[in-house]
Structure formats: C-alpha cells, structure tokens
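This is my_file.pdb (PDB, C-alpha atoms, pLDDT in the B column).
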MODEL        1
ATOM      1  CA  MET S   1     -58.838   3.551  66.080  1.00 37.00           C
ATOM      2  CA  THR S   2     -55.923   5.798  67.036  1.00 44.00           C
ATOM      3  CA  LYS S   3     -54.967   8.565  64.630  1.00 53.00           C
ATOM      4  CA  SER S   4     -51.554   7.971  63.109  1.00 70.00           C
ATOM      5  CA  ILE S   5     -48.729  10.364  63.908  1.00 81.00           C
ATOM      6  CA  ASP S   6     -46.260  11.143  61.140  1.00 86.00           C
ATOM      7  CA  LEU S   7     -42.827  12.690  60.879  1.00 88.00           C
ATOM      8  CA  GLY S   8     -43.151  16.458  60.854  1.00 89.00           C
ATOM      9  CA  ASN S   9     -46.242  16.380  63.102  1.00 91.00           C
ATOM     10  CA  LYS S  10     -46.017  18.194  66.399  1.00 95.00           C
ATOM     11  CA  ILE S  11     -46.044  16.133  69.561  1.00 95.00           C
ATOM     12  CA  PRO S  12     -49.592  16.059  70.984  1.00 95.00           C
ATOM     13  CA  GLU S  13     -50.416  18.405  73.861  1.00 94.00           C
ATOM     14  CA  PHE S  14     -50.208  16.690  77.248  1.00 96.00           C
ATOM     15  CA  ASN S  15     -50.050  17.457  80.964  1.00 96.00           C
ATOM     16  CA  LEU S  16     -48.923  14.432  82.975  1.00 97.00           C
ATOM     17  CA  ASP S  17     -47.201  13.626  86.260  1.00 97.00           C
ATOM     18  CA  SER S  18     -43.495  12.870  86.045  1.00 97.00           C
ATOM     19  CA  THR S  19     -40.479  12.298  88.209  1.00 97.00           C
ATOM     20  CA  LEU S  20     -38.025  15.181  88.712  1.00 94.00           C
ATOM     21  CA  ILE S  21     -40.299  17.919  87.268  1.00 89.00           C
ATOM     22  CA  LYS S  22     -43.651  16.787  88.747  1.00 89.00           C
ATOM     23  CA  LYS S  23     -46.037  18.046  86.029  1.00 93.00           C
ATOM     24  CA  CYS S  24     -44.721  17.604  82.506  1.00 96.00           C
ATOM     25  CA  SER S  25     -46.245  19.116  79.379  1.00 95.00           C
ATOM     26  CA  ALA S  26     -45.237  19.894  75.819  1.00 94.00           C
ATOM     27  CA  ALA S  27     -44.063  23.276  77.162  1.00 92.00           C
ATOM     28  CA  ASN S  28     -41.256  21.434  79.006  1.00 92.00           C
ATOM     29  CA  LEU S  29     -39.951  20.227  75.635  1.00 93.00           C
ATOM     30  CA  LEU S  30     -40.403  23.481  73.700  1.00 93.00           C
ATOM     31  CA  GLY S  31     -37.151  25.128  72.644  1.00 94.00           C
ATOM     32  CA  ASN S  32     -35.049  22.013  73.190  1.00 93.00           C
ATOM     33  CA  TRP S  33     -34.029  18.955  71.250  1.00 96.00           C
ATOM     34  CA  CYS S  34     -35.613  15.986  73.030  1.00 97.00           C
ATOM     35  CA  VAL S  35     -35.664  12.218  72.953  1.00 98.00           C
ATOM     36  CA  LEU S  36     -38.918  10.699  74.201  1.00 98.00           C
ATOM     37  CA  PHE S  37     -38.787   6.940  74.597  1.00 98.00           C
ATOM     38  CA  ILE S  38     -41.864   4.864  75.309  1.00 98.00           C
ATOM     39  CA  TYR S  39     -41.514   1.552  77.082  1.00 97.00           C
ATOM     40  CA  PRO S  40     -44.091  -1.007  78.260  1.00 96.00           C
ATOM     41  CA  LYS S  41     -43.468  -1.469  82.003  1.00 96.00           C
ATOM     42  CA  ASP S  42     -41.224  -0.507  84.909  1.00 97.00           C
ATOM     43  CA  ASN S  43     -39.095  -3.273  86.477  1.00 96.00           C
ATOM     44  CA  THR S  44     -39.197  -5.662  83.524  1.00 95.00           C
ATOM     45  CA  SER S  45     -35.916  -6.849  82.031  1.00 94.00           C
ATOM     46  CA  GLY S  46     -36.032  -5.083  78.650  1.00 95.00           C
ATOM     47  CA  CYS S  47     -37.441  -1.854  80.067  1.00 96.00           C
ATOM     48  CA  THR S  48     -34.882  -1.803  82.880  1.00 97.00           C
ATOM     49  CA  LYS S  49     -32.062  -2.323  80.357  1.00 97.00           C
ATOM     50  CA  GLU S  50     -33.397   0.448  78.095  1.00 97.00           C
ATOM     51  CA  ASN S  51     -33.639   2.925  80.989  1.00 98.00           C
ATOM     52  CA  GLU S  52     -30.147   1.946  82.176  1.00 98.00           C
ATOM     53  CA  ASP S  53     -28.751   2.451  78.665  1.00 98.00           C
ATOM     54  CA  PHE S  54     -30.250   5.950  78.350  1.00 98.00           C
ATOM     55  CA  ASN S  55     -28.943   6.732  81.844  1.00 98.00           C
ATOM     56  CA  ASN S  56     -25.440   5.443  81.009  1.00 98.00           C
ATOM     57  CA  PHE S  57     -25.308   7.774  77.986  1.00 97.00           C
ATOM     58  CA  PHE S  58     -26.979  10.703  79.767  1.00 98.00           C
ATOM     59  CA  GLU S  59     -23.868  12.917  79.731  1.00 97.00           C
ATOM     60  CA  LYS S  60     -23.442  12.324  75.993  1.00 97.00           C
ATOM     61  CA  PHE S  61     -27.013  13.544  75.400  1.00 97.00           C
ATOM     62  CA  VAL S  62     -26.347  16.569  77.642  1.00 96.00           C
ATOM     63  CA  SER S  63     -23.195  17.360  75.636  1.00 96.00           C
ATOM     64  CA  LEU S  64     -25.373  17.415  72.496  1.00 95.00           C
ATOM     65  CA  ASP S  65     -27.904  19.643  74.301  1.00 95.00           C
ATOM     66  CA  VAL S  66     -30.624  16.972  74.074  1.00 97.00           C
ATOM     67  CA  GLN S  67     -33.093  16.256  76.877  1.00 97.00           C
ATOM     68  CA  ILE S  68     -34.308  12.714  77.603  1.00 98.00           C
ATOM     69  CA  PHE S  69     -37.800  11.727  78.762  1.00 98.00           C
ATOM     70  CA  GLY S  70     -39.064   8.192  79.435  1.00 98.00           C
ATOM     71  CA  LEU S  71     -42.790   7.418  79.157  1.00 98.00           C
ATOM     72  CA  SER S  72     -44.938   4.464  80.192  1.00 98.00           C
ATOM     73  CA  LYS S  73     -48.414   3.812  81.570  1.00 97.00           C
ATOM     74  CA  ASP S  74     -47.033   2.989  85.021  1.00 97.00           C
ATOM     75  CA  SER S  75     -48.186   5.098  87.975  1.00 97.00           C
ATOM     76  CA  ILE S  76     -46.094   7.994  89.245  1.00 97.00           C
ATOM     77  CA  ASP S  77     -45.466   5.956  92.422  1.00 97.00           C
ATOM     78  CA  SER S  78     -44.044   3.098  90.348  1.00 98.00           C
ATOM     79  CA  HIS S  79     -41.926   5.569  88.356  1.00 98.00           C
ATOM     80  CA  GLU S  80     -40.567   7.195  91.533  1.00 97.00           C
ATOM     81  CA  LYS S  81     -39.437   3.812  92.911  1.00 98.00           C
ATOM     82  CA  PHE S  82     -38.043   2.649  89.547  1.00 98.00           C
ATOM     83  CA  SER S  83     -36.197   5.931  89.021  1.00 98.00           C
ATOM     84  CA  LYS S  84     -34.703   5.842  92.513  1.00 97.00           C
ATOM     85  CA  LYS S  85     -33.667   2.187  92.129  1.00 97.00           C
ATOM     86  CA  LEU S  86     -31.820   2.926  88.861  1.00 98.00           C
ATOM     87  CA  LEU S  87     -30.626   6.424  89.912  1.00 98.00           C
ATOM     88  CA  LEU S  88     -32.106   7.857  86.721  1.00 98.00           C
ATOM     89  CA  LYS S  89     -30.942  11.341  85.727  1.00 98.00           C
ATOM     90  CA  PHE S  90     -33.947  12.092  83.480  1.00 98.00           C
ATOM     91  CA  PRO S  91     -37.710  12.303  84.094  1.00 97.00           C
ATOM     92  CA  LEU S  92     -40.134   9.432  83.654  1.00 98.00           C
ATOM     93  CA  ILE S  93     -43.610  10.520  82.566  1.00 98.00           C
ATOM     94  CA  SER S  94     -46.629   8.624  83.913  1.00 98.00           C
ATOM     95  CA  ASP S  95     -49.468   8.101  81.411  1.00 98.00           C
ATOM     96  CA  PRO S  96     -51.885   5.683  83.133  1.00 97.00           C
ATOM     97  CA  ASP S  97     -54.741   6.512  80.740  1.00 97.00           C
ATOM     98  CA  CYS S  98     -52.394   6.180  77.731  1.00 96.00           C
ATOM     99  CA  THR S  99     -53.390   9.642  76.489  1.00 96.00           C
ATOM    100  CA  LEU S 100     -49.968  10.592  75.112  1.00 97.00           C
ATOM    101  CA  ILE S 101     -49.115   6.981  74.273  1.00 97.00           C
ATOM    102  CA  LYS S 102     -52.240   6.784  72.087  1.00 96.00           C
ATOM    103  CA  GLY S 103     -51.545  10.266  70.705  1.00 95.00           C
ATOM    104  CA  LEU S 104     -48.180   8.970  69.493  1.00 96.00           C
ATOM    105  CA  SER S 105     -49.821   5.865  67.933  1.00 94.00           C
ATOM    106  CA  CYS S 106     -48.056   3.539  70.388  1.00 96.00           C
ATOM    107  CA  TRP S 107     -51.125   1.773  71.793  1.00 95.00           C
ATOM    108  CA  VAL S 108     -51.207  -1.206  69.463  1.00 93.00           C
ATOM    109  CA  GLU S 109     -52.577  -4.688  69.036  1.00 91.00           C
ATOM    110  CA  LYS S 110     -50.091  -7.293  70.176  1.00 91.00           C
ATOM    111  CA  SER S 111     -50.092 -11.063  70.142  1.00 88.00           C
ATOM    112  CA  MET S 112     -48.629 -13.629  72.525  1.00 86.00           C
ATOM    113  CA  TYR S 113     -49.188 -17.374  72.264  1.00 92.00           C
ATOM    114  CA  GLY S 114     -51.916 -16.718  69.693  1.00 92.00           C
ATOM    115  CA  LYS S 115     -53.844 -14.388  72.012  1.00 93.00           C
ATOM    116  CA  LYS S 116     -54.374 -10.819  70.815  1.00 95.00           C
ATOM    117  CA  TYR S 117     -54.437  -7.887  73.218  1.00 91.00           C
ATOM    118  CA  MET S 118     -53.755  -4.147  73.304  1.00 94.00           C
ATOM    119  CA  GLY S 119     -50.455  -2.908  74.703  1.00 93.00           C
ATOM    120  CA  VAL S 120     -47.680  -0.344  74.558  1.00 95.00           C
ATOM    121  CA  GLU S 121     -45.316  -0.466  71.597  1.00 95.00           C
ATOM    122  CA  ARG S 122     -41.697   0.288  72.492  1.00 96.00           C
ATOM    123  CA  ALA S 123     -40.821   3.382  70.451  1.00 97.00           C
ATOM    124  CA  THR S 124     -38.511   6.396  70.525  1.00 97.00           C
ATOM    125  CA  PHE S 125     -39.090   9.860  69.086  1.00 97.00           C
ATOM    126  CA  LEU S 126     -36.568  12.568  68.251  1.00 97.00           C
ATOM    127  CA  ILE S 127     -38.274  15.938  68.716  1.00 97.00           C
ATOM    128  CA  ASN S 128     -36.887  19.273  67.512  1.00 96.00           C
ATOM    129  CA  PRO S 129     -37.125  22.601  69.434  1.00 96.00           C
ATOM    130  CA  GLU S 130     -40.401  23.444  67.609  1.00 96.00           C
ATOM    131  CA  LEU S 131     -41.953  20.219  69.011  1.00 96.00           C
ATOM    132  CA  GLN S 132     -41.947  18.444  65.629  1.00 96.00           C
ATOM    133  CA  ILE S 133     -41.220  14.732  65.490  1.00 96.00           C
ATOM    134  CA  ILE S 134     -38.302  14.517  63.097  1.00 95.00           C
ATOM    135  CA  PHE S 135     -37.454  10.840  63.511  1.00 95.00           C
ATOM    136  CA  ALA S 136     -39.223   7.824  65.014  1.00 95.00           C
ATOM    137  CA  TRP S 137     -38.043   4.353  65.889  1.00 96.00           C
ATOM    138  CA  ARG S 138     -40.893   1.829  66.085  1.00 94.00           C
ATOM    139  CA  LYS S 139     -40.835  -1.699  67.521  1.00 92.00           C
ATOM    140  CA  VAL S 140     -37.516  -0.877  69.174  1.00 94.00           C
ATOM    141  CA  ARG S 141     -35.032  -3.602  70.033  1.00 94.00           C
ATOM    142  CA  VAL S 142     -33.179  -2.500  73.171  1.00 94.00           C
ATOM    143  CA  LYS S 143     -29.699  -3.773  72.265  1.00 95.00           C
ATOM    144  CA  ASN S 144     -27.618  -0.907  70.768  1.00 95.00           C
ATOM    145  CA  HIS S 145     -30.709   1.309  70.500  1.00 97.00           C
ATOM    146  CA  VAL S 146     -29.262   4.246  72.428  1.00 97.00           C
ATOM    147  CA  GLU S 147     -26.210   4.257  70.155  1.00 96.00           C
ATOM    148  CA  GLU S 148     -28.550   4.364  67.125  1.00 96.00           C
ATOM    149  CA  VAL S 149     -30.374   7.336  68.654  1.00 97.00           C
ATOM    150  CA  LEU S 150     -27.106   9.204  69.282  1.00 96.00           C
ATOM    151  CA  ALA S 151     -25.940   8.546  65.711  1.00 94.00           C
ATOM    152  CA  LYS S 152     -29.231   9.869  64.312  1.00 95.00           C
ATOM    153  CA  ILE S 153     -29.031  13.012  66.480  1.00 95.00           C
ATOM    154  CA  ASN S 154     -25.641  13.716  64.935  1.00 87.00           C
ATOM    155  CA  ASP S 155     -27.259  13.488  61.459  1.00 87.00           C
ATOM    156  CA  PHE S 156     -29.635  16.334  62.380  1.00 82.00           C
ATOM    157  CA  ARG S 157     -27.263  18.565  64.343  1.00 72.00           C
TER     158      ARG S 157
ENDMDL
END
Structure re-expressed in structure tokens:
Amino acid sequence: MTKSIDLGNKIPEFNLDSTLIKKCSAANLLGNWCVLFIYPKDNTSGCTKENEDFNNFFEKFVSLDVQIFGLSKDSIDSHEKFSKKLLLKFPLISDPDCTLIKGLSCWVEKSMYGKKYMGVERATFLINPELQIIFAWRKVRVKNHVEEVLAKINDFR
C-alpha cells in the first residue's frame, strides 16, 4: 500500500534520469515554483496531447516564473525520442521503477473491460519554492487542463 501524499507535504526526495538536465532531483525544483505532471506513456494520444499543450503554453509558464517537468515510467531513451519528436522545451523525468510516481500516490489500481491492474494515474502537482505541494489535480482530463493549471497558478501568485 502506497502512503498517501497530501497538500502541504513536501515532494519526496528523488534522483532520476531526465531529458535536458540529465539527472533530476528535488534540488532542481528547490527555490522555484514548479508544475510536475505525471502521465502514463510516451507516444499515446492523450499523453502526446498533454505534452503538446504544456509545450504550447511554455512561454506563459516562463512569464510566471514557473518551471515545468513531465514524469512517466518510460525509459530515458523513450523520453529522449518523444521529447525530440515534439520539440519539448521542458524536461521529462524517467521513473521506470515508479519510485517518485508511488511517492506521489499515483501508482493506482485501474480497471479496463472488468480486468483490474496497477498503472499510472494522470495527475499534476503545483509545487512552491519550498518544495511543498500546494495543489494537486488527480485523474486529469487532458482537454483544457493546462489552462486550469495556469488559472490556479494565478490564484497563488
């Protein structure tokens, strides 16, 4: 059973491979406002759309002084190809053992066609400069999600 993470908790410590900055840890987020979005799989329709949406609004996040990080259990090789294909301007963090994904309570039981299995829950976290999770979106629907995130950032800034 994965320990639940609540608003106000600090993001769990991690040290994982990523695109753009190679090794990524909580220290890379410290001192900055950050959006960390978790998605199930590179090169699937919903995950591609979500990454494209964050990329399309990248300059808006920069103007608000907010860093963006994507996270999935895909390999760093998969992330490198996916990032290059979409010309992503932000890092994708590779978590093949689901260490951070589980630490953020996003490794969940799912069901498809009556069959239950464990998988990654699409979620987004707004993290303050002290590494505290100040807002979380769970079971994210991709359509208009990035706009919701931007609106919420404005509530806190």
Evaluate the PyMOL selection byres ((chain S and resi 19-22) around 12) and record the selected residues as a PyMOL selection string, following the chain and residue labels used in the document. chain S and resi 15-18+23-25+28-29+68-71+74-84+87-94
Spell out the residues picked by the PyMOL selection byres ((chain S and resi 33) around 9) here, as a PDB file with C-alpha atoms, in the frame of the given file.
ATOM      1  CA  LEU S  29     -39.951  20.227  75.635  1.00 93.00           C
ATOM      2  CA  LEU S  30     -40.403  23.481  73.700  1.00 93.00           C
ATOM      3  CA  GLY S  31     -37.151  25.128  72.644  1.00 94.00           C
ATOM      4  CA  ASN S  32     -35.049  22.013  73.190  1.00 93.00           C
ATOM      5  CA  CYS S  34     -35.613  15.986  73.030  1.00 97.00           C
ATOM      6  CA  VAL S  35     -35.664  12.218  72.953  1.00 98.00           C
ATOM      7  CA  LEU S  64     -25.373  17.415  72.496  1.00 95.00           C
ATOM      8  CA  ASP S  65     -27.904  19.643  74.301  1.00 95.00           C
ATOM      9  CA  VAL S  66     -30.624  16.972  74.074  1.00 97.00           C
ATOM     10  CA  GLN S  67     -33.093  16.256  76.877  1.00 97.00           C
ATOM     11  CA  ILE S  68     -34.308  12.714  77.603  1.00 98.00           C
ATOM     12  CA  LEU S 126     -36.568  12.568  68.251  1.00 97.00           C
ATOM     13  CA  ILE S 127     -38.274  15.938  68.716  1.00 97.00           C
ATOM     14  CA  ASN S 128     -36.887  19.273  67.512  1.00 96.00           C
ATOM     15  CA  PRO S 129     -37.125  22.601  69.434  1.00 96.00           C
ATOM     16  CA  GLU S 130     -40.401  23.444  67.609  1.00 96.00           C
ATOM     17  CA  LEU S 131     -41.953  20.219  69.011  1.00 96.00           C
TER      18      LEU S 131
END
When distances are computed from all atoms listed in the file, which of S:Val120, S:Phe57, S:Val62, S:Pro12 shows the smallest separation from Lys41 of chain S?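 Nearest candidate to Lys41 of chain S out of S:Val120, S:Phe57, S:Val62, S:Pro12: S:Val120.
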Judged by only C-alpha atoms, the minimum distance to Asp95 of chain S among S:Val149, S:Glu121, S:Lys73, S:Asn9 is found for S:Lys73
Result set of the PyMOL selection byres ((chain S and resi 138) around 7) on the coordinates above, as a VMD selection string: chain S and resid 122 to 124 136 to 137 139 to 140
Using all atoms listed in the file, can you tell me which of S:Ile153, S:Thr48, S:Ile133, S:Glu147 comes closest to Leu104 of chain S?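 Using all atoms listed in the file, the shortest distance to Leu104 of chain S belongs to S:Ile133.
Closest approach to Gly8 of chain S from the set S:Phe125, S:Glu52, S:Asn154, S:Leu100 is made by S:Phe125, with distances taken over only C-alpha atoms.
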Selected residue, from S:Leu86, S:Arg141, S:Ile101, S:Met118, that lies nearest to Asn56 of chain S when counting all atoms listed in the file: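 Among S:Leu86, S:Arg141, S:Ile101, S:Met118, it is S:Leu86 that comes nearest to Asn56 of chain S.
The space between atom CA of Leu150 of chain S and atom CA of Phe61 of chain S spans 7.5 Å.
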Kindly give the distance, in Å, that separates atom CA of Ala27 of chain S and atom CA of Phe14 of chain S, rounded to a single decimal.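 Between atom CA of Ala27 of chain S and atom CA of Phe14 of chain S the gap works out to 9.0 Å.
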Nearest-residue call for Cys106 of chain S, choices S:Ala26, S:Ile134, S:Ile38, S:Asp53, using all atoms listed in the file: S:Ile38
Expressed in Å to a single decimal, how great is the separation between atom CA of Ile11 of chain S and atom CA of Leu36 of chain S?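 Answer for the atom CA of Ile11 of chain S to atom CA of Leu36 of chain S separation: 10.1 Å.
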